[in-house]
>>> print(open('work.pdb').read())   # PDB, C-alpha atoms
ATOM      1  CA  MET Q   1     -50.659  15.089   8.589
ATOM      2  CA  ILE Q   2     -48.670  16.067   5.503
ATOM      3  CA  LYS Q   3     -48.290  19.617   6.836
ATOM      4  CA  GLN Q   4     -46.910  18.290  10.094
ATOM      5  CA  TYR Q   5     -44.554  15.940   8.241
ATOM      6  CA  LEU Q   6     -43.232  18.775   6.069
ATOM      7  CA  LEU Q   7     -42.795  21.042   9.094
ATOM      8  CA  VAL Q   8     -40.812  18.385  10.932
ATOM      9  CA  LEU Q   9     -38.754  17.663   7.803
ATOM     10  CA  LEU Q  10     -38.027  21.364   7.440
ATOM     11  CA  ALA Q  11     -36.940  21.649  11.083
ATOM     12  CA  ALA Q  12     -34.641  18.643  10.752
ATOM     13  CA  SER Q  13     -33.125  20.059   7.603
ATOM     14  CA  VAL Q  14     -32.423  23.370   9.324
ATOM     15  CA  ILE Q  15     -30.646  21.548  12.095
ATOM     16  CA  SER Q  16     -28.605  19.284   9.864
ATOM     17  CA  VAL Q  17     -27.594  22.191   7.647
ATOM     18  CA  GLY Q  18     -27.094  24.821  10.341
ATOM     19  CA  ALA Q  19     -24.790  22.949  12.716
ATOM     20  CA  PRO Q  20     -21.737  23.010  10.427
ATOM     21  CA  PHE Q  21     -22.188  26.745   9.890
ATOM     22  CA  ALA Q  22     -22.337  27.384  13.598
ATOM     23  CA  ALA Q  23     -19.059  25.488  14.004
ATOM     24  CA  ALA Q  24     -17.530  27.325  11.032
ATOM     25  CA  GLN Q  25     -18.707  30.683  12.387
ATOM     26  CA  SER Q  26     -17.028  30.075  15.764
ATOM     27  CA  SER Q  27     -13.738  29.071  14.134
ATOM     28  CA  ASN Q  28     -13.805  31.832  11.505
ATOM     29  CA  ASP Q  29     -11.749  34.217  13.660
ATOM     30  CA  ASN Q  30      -8.910  31.711  13.892
ATOM     31  CA  SER Q  31      -6.570  30.467  11.228
ATOM     32  CA  PRO Q  32      -7.983  28.970   7.991
ATOM     33  CA  ASN Q  33      -6.807  25.536   9.158
ATOM     34  CA  ASN Q  34      -9.522  25.575  11.788
ATOM     35  CA  GLN Q  35     -12.170  25.565   9.072
ATOM     36  CA  GLN Q  36     -11.268  22.015   8.014
ATOM     37  CA  PRO Q  37     -12.890  20.335  11.053
ATOM     38  CA  ALA Q  38     -16.053  22.368  10.480
ATOM     39  CA  GLN Q  39     -16.149  21.166   6.880
ATOM     40  CA  GLY Q  40     -15.521  17.645   8.157
ATOM     41  CA  ASN Q  41     -18.508  17.981  10.451
ATOM     42  CA  GLY Q  42     -20.545  19.212   7.486
ATOM     43  CA  GLY Q  43     -19.544  16.088   5.630
ATOM     44  CA  TRP Q  44     -20.688  13.998   8.545
ATOM     45  CA  HIS Q  45     -24.139  15.591   8.566
ATOM     46  CA  HIS Q  46     -24.619  15.046   4.846
ATOM     47  CA  GLY Q  47     -22.816  11.742   4.640
ATOM     48  CA  PRO Q  48     -19.174  11.265   3.823
ATOM     49  CA  ASP Q  49     -19.801  11.502   0.096
ATOM     50  CA  PRO Q  50     -22.614  10.869  -2.379
ATOM     51  CA  ALA Q  51     -21.288   7.426  -3.314
ATOM     52  CA  GLN Q  52     -21.205   6.266   0.299
ATOM     53  CA  ARG Q  53     -24.644   7.726   1.016
ATOM     54  CA  THR Q  54     -25.951   5.892  -2.056
ATOM     55  CA  GLN Q  55     -24.495   2.629  -0.754
ATOM     56  CA  GLU Q  56     -26.106   3.195   2.661
ATOM     57  CA  LEU Q  57     -29.469   3.873   1.039
ATOM     58  CA  THR Q  58     -29.021   0.864  -1.247
ATOM     59  CA  LYS Q  59     -28.501  -1.329   1.793
ATOM     60  CA  LYS Q  60     -31.413   0.118   3.770
ATOM     61  CA  LEU Q  61     -33.897   0.494   0.907
ATOM     62  CA  LYS Q  62     -32.739  -2.296  -1.417
ATOM     63  CA  LEU Q  63     -32.341   0.069  -4.363
ATOM     64  CA  THR Q  64     -32.180  -1.327  -7.882
ATOM     65  CA  SER Q  65     -29.151  -0.456 -10.005
ATOM     66  CA  ASP Q  66     -31.223   2.095 -11.928
ATOM     67  CA  GLN Q  67     -32.362   3.690  -8.654
ATOM     68  CA  GLN Q  68     -28.772   3.704  -7.373
ATOM     69  CA  THR Q  69     -27.596   5.665 -10.399
ATOM     70  CA  LYS Q  70     -30.395   8.214 -10.092
ATOM     71  CA  VAL Q  71     -30.015   8.580  -6.313
ATOM     72  CA  GLN Q  72     -26.276   9.074  -6.603
ATOM     73  CA  ASP Q  73     -26.818  11.755  -9.268
ATOM     74  CA  ILE Q  74     -29.263  13.562  -6.953
ATOM     75  CA  LEU Q  75     -26.887  13.298  -3.992
ATOM     76  CA  GLN Q  76     -23.930  14.488  -6.069
ATOM     77  CA  SER Q  77     -25.939  17.502  -7.208
ATOM     78  CA  GLU Q  78     -26.944  18.219  -3.607
ATOM     79  CA  HIS Q  79     -23.339  17.922  -2.466
ATOM     80  CA  SER Q  80     -22.150  20.358  -5.151
ATOM     81  CA  GLN Q  81     -24.907  22.848  -4.394
ATOM     82  CA  MET Q  82     -24.195  22.671  -0.654
ATOM     83  CA  GLU Q  83     -20.470  23.185  -1.213
ATOM     84  CA  THR Q  84     -21.161  26.183  -3.420
ATOM     85  CA  LEU Q  85     -23.446  27.712  -0.804
ATOM     86  CA  HIS Q  86     -20.963  26.971   1.959
ATOM     87  CA  GLN Q  87     -18.325  28.962   0.064
ATOM     88  CA  ASP Q  88     -20.692  31.869  -0.730
ATOM     89  CA  SER Q  89     -19.848  34.562   1.796
ATOM     90  CA  SER Q  90     -22.211  37.092   0.177
ATOM     91  CA  LEU Q  91     -25.250  35.437   1.785
ATOM     92  CA  SER Q  92     -26.243  35.899   5.387
ATOM     93  CA  GLN Q  93     -26.167  32.768   7.532
ATOM     94  CA  GLN Q  94     -29.972  32.785   7.628
ATOM     95  CA  ASP Q  95     -30.269  33.061   3.831
ATOM     96  CA  ARG Q  96     -27.670  30.327   3.332
ATOM     97  CA  ARG Q  97     -29.492  28.037   5.750
ATOM     98  CA  ALA Q  98     -32.815  28.681   4.006
ATOM     99  CA  LYS Q  99     -31.321  27.861   0.600
ATOM    100  CA  MET Q 100     -29.733  24.695   1.973
ATOM    101  CA  MET Q 101     -33.052  23.625   3.468
ATOM    102  CA  ASP Q 102     -34.708  24.152   0.089
ATOM    103  CA  ILE Q 103     -32.017  22.072  -1.635
ATOM    104  CA  ARG Q 104     -32.365  19.292   0.931
ATOM    105  CA  LYS Q 105     -36.159  19.294   0.743
ATOM    106  CA  THR Q 106     -36.140  19.216  -3.065
ATOM    107  CA  ASN Q 107     -33.625  16.384  -3.180
ATOM    108  CA  ASP Q 108     -35.451  14.368  -0.533
ATOM    109  CA  THR Q 109     -38.625  14.716  -2.607
ATOM    110  CA  GLN Q 110     -36.787  13.654  -5.779
ATOM    111  CA  ILE Q 111     -35.331  10.585  -4.074
ATOM    112  CA  ARG Q 112     -38.687   9.594  -2.585
ATOM    113  CA  ALA Q 113     -40.291   9.846  -6.043
ATOM    114  CA  LEU Q 114     -37.851   7.214  -7.356
ATOM    115  CA  LEU Q 115     -38.895   4.662  -4.750
ATOM    116  CA  ASP Q 116     -41.618   2.042  -4.873
ATOM    117  CA  SER Q 117     -44.288   2.004  -2.139
ATOM    118  CA  THR Q 118     -42.380  -0.368   0.160
ATOM    119  CA  GLN Q 119     -39.206   1.685  -0.166
ATOM    120  CA  GLN Q 120     -41.171   4.908   0.392
ATOM    121  CA  LYS Q 121     -42.528   3.547   3.669
ATOM    122  CA  LYS Q 122     -39.001   2.706   4.839
ATOM    123  CA  TRP Q 123     -37.747   6.122   3.564
ATOM    124  CA  ASP Q 124     -40.471   7.875   5.579
ATOM    125  CA  GLU Q 125     -39.445   5.934   8.696
ATOM    126  CA  MET Q 126     -35.816   6.917   8.125
ATOM    127  CA  GLN Q 127     -36.808  10.582   7.736
ATOM    128  CA  THR Q 128     -38.867  10.457  10.931
ATOM    129  CA  LYS Q 129     -35.908   9.037  12.851
ATOM    130  CA  ARG Q 130     -33.634  11.727  11.384
ATOM    131  CA  GLU Q 131     -36.103  14.403  12.474
ATOM    132  CA  GLN Q 132     -36.380  12.949  15.971
ATOM    133  CA  TRP Q 133     -32.600  12.823  16.247
ATOM    134  CA  GLY Q 134     -32.394  16.458  15.143
ATOM    135  CA  GLY Q 135     -34.967  17.482  17.737
ATOM    136  CA  ARG Q 136     -32.833  16.021  20.522
ATOM    137  CA  HIS Q 137     -29.484  17.235  19.190
ATOM    138  CA  GLY Q 138     -29.479  20.972  18.779
ATOM    139  CA  ALA Q 139     -32.872  22.023  17.505
ATOM    140  CA  PRO Q 140     -33.781  25.620  18.196
ATOM    141  CA  ASN Q 141     -35.762  25.570  21.445
ATOM    142  CA  GLY Q 142     -34.704  21.922  21.659
ATOM    143  CA  GLY Q 143     -35.640  21.786  25.324
ATOM    144  CA  ASP Q 144     -39.232  22.575  24.443
ATOM    145  CA  GLN Q 145     -39.480  20.174  21.509
ATOM    146  CA  GLN Q 146     -37.720  17.012  22.652
ATOM    147  CA  ALA Q 147     -39.114  14.008  20.882
ATOM    148  CA  PRO Q 148     -39.515  10.646  22.605
ATOM    149  CA  PRO Q 149     -37.048   7.931  21.647
ATOM    150  CA  PRO Q 150     -38.006   6.030  18.484
ATOM    151  CA  GLN Q 151     -40.242   3.041  19.109
ATOM    152  CA  GLN Q 152     -38.790  -0.222  17.845
TER     153      GLN Q 152
END
>>> encode(input="work.pdb", output="structure tokens")
Amino acid sequence: MIKQYLLVLLAASVISVGAPFAAAQSSNDNSPNNQQPAQGNGGWHHGPDPAQRTQELTKKLKLTSDQQTKVQDILQSEHSQMETLHQDSSLSQQDRRAKMMDIRKTNDTQIRALLDSTQQKKWDEMQTKREQWGGRHGAPNGGDQQAPPPQQ
């Protein structure tokens, strides 16, 4: 069960990280101004900014003020690392995507560790929905792996 969860989490991370690069790659031949929308899309996939993502998680998970501070620090670190990787043209797209998936997985694990059992259950549900969304919106071989709509 844990193996399957990690595999699905990994696939969702690849999708959420890879889509902005695909958009940036297609606009790379044009003027530098065309890279702004791709970066905007990247922001959308990772949340507008760490502070706003923290507020969303606070609302959904009922984070304490101590948890909010720690989560925002984790998200800010993730944001900085992602930006650095996004700017690193020395890496292949595949290597960059793999590093971003590792960052995302590590940060997701760190955030989950801060949560109490009730919050962890809600976090896991949120991750499952994110993975299902990713499977329907651009997963490699997405036609073969379409997930059913979330049960509510």
>>> atom_distance(input="work.pdb", atom1="CA of Arg97 in chain Q", atom2="CA of Thr54 in chain Q")
23.7 Å
>>> closest_residue(input="work.pdb", among="Q:Met1, Q:Ile74, Q:Thr64, Q:Lys59", to="Gln110 in chain Q", atoms="all atoms listed in the file")
Q:Ile74
>>> closest_residue(input="work.pdb", among="Q:Gln93, Q:Gln87, Q:Gln119, Q:Gln127", to="Gln67 in chain Q", atoms="only C-alpha atoms")
Q:Gln119
>>> closest_residue(input="work.pdb", among="Q:Lys121, Q:Gln72, Q:Thr58, Q:Met82", to="Ala98 in chain Q", atoms="only C-alpha atoms")
Q:Met82
>>> build_atoms(input="work.pdb", residues="range 94-111 of chain Q", atoms="N, CA and C atoms", output="PDB file, keeping the file's coordinate frame")
ATOM      1  N   GLN Q  94     -28.567  33.158   7.701  1.00  0.00           N
ATOM      2  CA  GLN Q  94     -29.972  32.785   7.628  1.00  0.00           C
ATOM      3  C   GLN Q  94     -30.391  32.473   6.186  1.00  0.00           C
ATOM      4  N   ASP Q  95     -29.941  33.302   5.236  1.00  0.00           N
ATOM      5  CA  ASP Q  95     -30.269  33.061   3.831  1.00  0.00           C
ATOM      6  C   ASP Q  95     -29.628  31.770   3.332  1.00  0.00           C
ATOM      7  N   ARG Q  96     -28.388  31.543   3.736  1.00  0.00           N
ATOM      8  CA  ARG Q  96     -27.670  30.327   3.332  1.00  0.00           C
ATOM      9  C   ARG Q  96     -28.390  29.100   3.879  1.00  0.00           C
ATOM     10  N   ARG Q  97     -28.787  29.159   5.130  1.00  0.00           N
ATOM     11  CA  ARG Q  97     -29.492  28.037   5.750  1.00  0.00           C
ATOM     12  C   ARG Q  97     -30.816  27.779   5.033  1.00  0.00           C
ATOM     13  N   ALA Q  98     -31.536  28.843   4.702  1.00  0.00           N
ATOM     14  CA  ALA Q  98     -32.815  28.681   4.006  1.00  0.00           C
ATOM     15  C   ALA Q  98     -32.620  28.026   2.642  1.00  0.00           C
ATOM     16  N   LYS Q  99     -31.588  28.454   1.914  1.00  0.00           N
ATOM     17  CA  LYS Q  99     -31.321  27.861   0.600  1.00  0.00           C
ATOM     18  C   LYS Q  99     -30.924  26.393   0.747  1.00  0.00           C
ATOM     19  N   MET Q 100     -30.130  26.089   1.754  1.00  0.00           N
ATOM     20  CA  MET Q 100     -29.733  24.695   1.973  1.00  0.00           C
ATOM     21  C   MET Q 100     -30.936  23.829   2.337  1.00  0.00           C
ATOM     22  N   MET Q 101     -31.844  24.381   3.126  1.00  0.00           N
ATOM     23  CA  MET Q 101     -33.052  23.625   3.468  1.00  0.00           C
ATOM     24  C   MET Q 101     -33.871  23.354   2.218  1.00  0.00           C
ATOM     25  N   ASP Q 102     -33.969  24.339   1.344  1.00  0.00           N
ATOM     26  CA  ASP Q 102     -34.708  24.152   0.089  1.00  0.00           C
ATOM     27  C   ASP Q 102     -34.066  23.064  -0.768  1.00  0.00           C
ATOM     28  N   ILE Q 103     -32.738  23.093  -0.866  1.00  0.00           N
ATOM     29  CA  ILE Q 103     -32.017  22.072  -1.635  1.00  0.00           C
ATOM     30  C   ILE Q 103     -32.293  20.696  -1.056  1.00  0.00           C
ATOM     31  N   ARG Q 104     -32.171  20.584   0.265  1.00  0.00           N
ATOM     32  CA  ARG Q 104     -32.365  19.292   0.931  1.00  0.00           C
ATOM     33  C   ARG Q 104     -33.790  18.780   0.730  1.00  0.00           C
ATOM     34  N   LYS Q 105     -34.751  19.687   0.896  1.00  0.00           N
ATOM     35  CA  LYS Q 105     -36.159  19.294   0.743  1.00  0.00           C
ATOM     36  C   LYS Q 105     -36.441  18.829  -0.685  1.00  0.00           C
ATOM     37  N   THR Q 106     -35.944  19.570  -1.659  1.00  0.00           N
ATOM     38  CA  THR Q 106     -36.140  19.216  -3.065  1.00  0.00           C
ATOM     39  C   THR Q 106     -35.525  17.857  -3.373  1.00  0.00           C
ATOM     40  N   ASN Q 107     -34.305  17.645  -2.901  1.00  0.00           N
ATOM     41  CA  ASN Q 107     -33.625  16.384  -3.180  1.00  0.00           C
ATOM     42  C   ASN Q 107     -34.283  15.210  -2.467  1.00  0.00           C
ATOM     43  N   ASP Q 108     -34.740  15.429  -1.245  1.00  0.00           N
ATOM     44  CA  ASP Q 108     -35.451  14.368  -0.533  1.00  0.00           C
ATOM     45  C   ASP Q 108     -36.714  13.980  -1.296  1.00  0.00           C
ATOM     46  N   THR Q 109     -37.413  14.974  -1.826  1.00  0.00           N
ATOM     47  CA  THR Q 109     -38.625  14.716  -2.607  1.00  0.00           C
ATOM     48  C   THR Q 109     -38.293  13.951  -3.887  1.00  0.00           C
ATOM     49  N   GLN Q 110     -37.190  14.347  -4.547  1.00  0.00           N
ATOM     50  CA  GLN Q 110     -36.787  13.654  -5.779  1.00  0.00           C
ATOM     51  C   GLN Q 110     -36.425  12.200  -5.496  1.00  0.00           C
ATOM     52  N   ILE Q 111     -35.714  11.965  -4.419  1.00  0.00           N
ATOM     53  CA  ILE Q 111     -35.331  10.585  -4.074  1.00  0.00           C
ATOM     54  C   ILE Q 111     -36.579   9.767  -3.760  1.00  0.00           C
TER      55      ILE Q 111
END
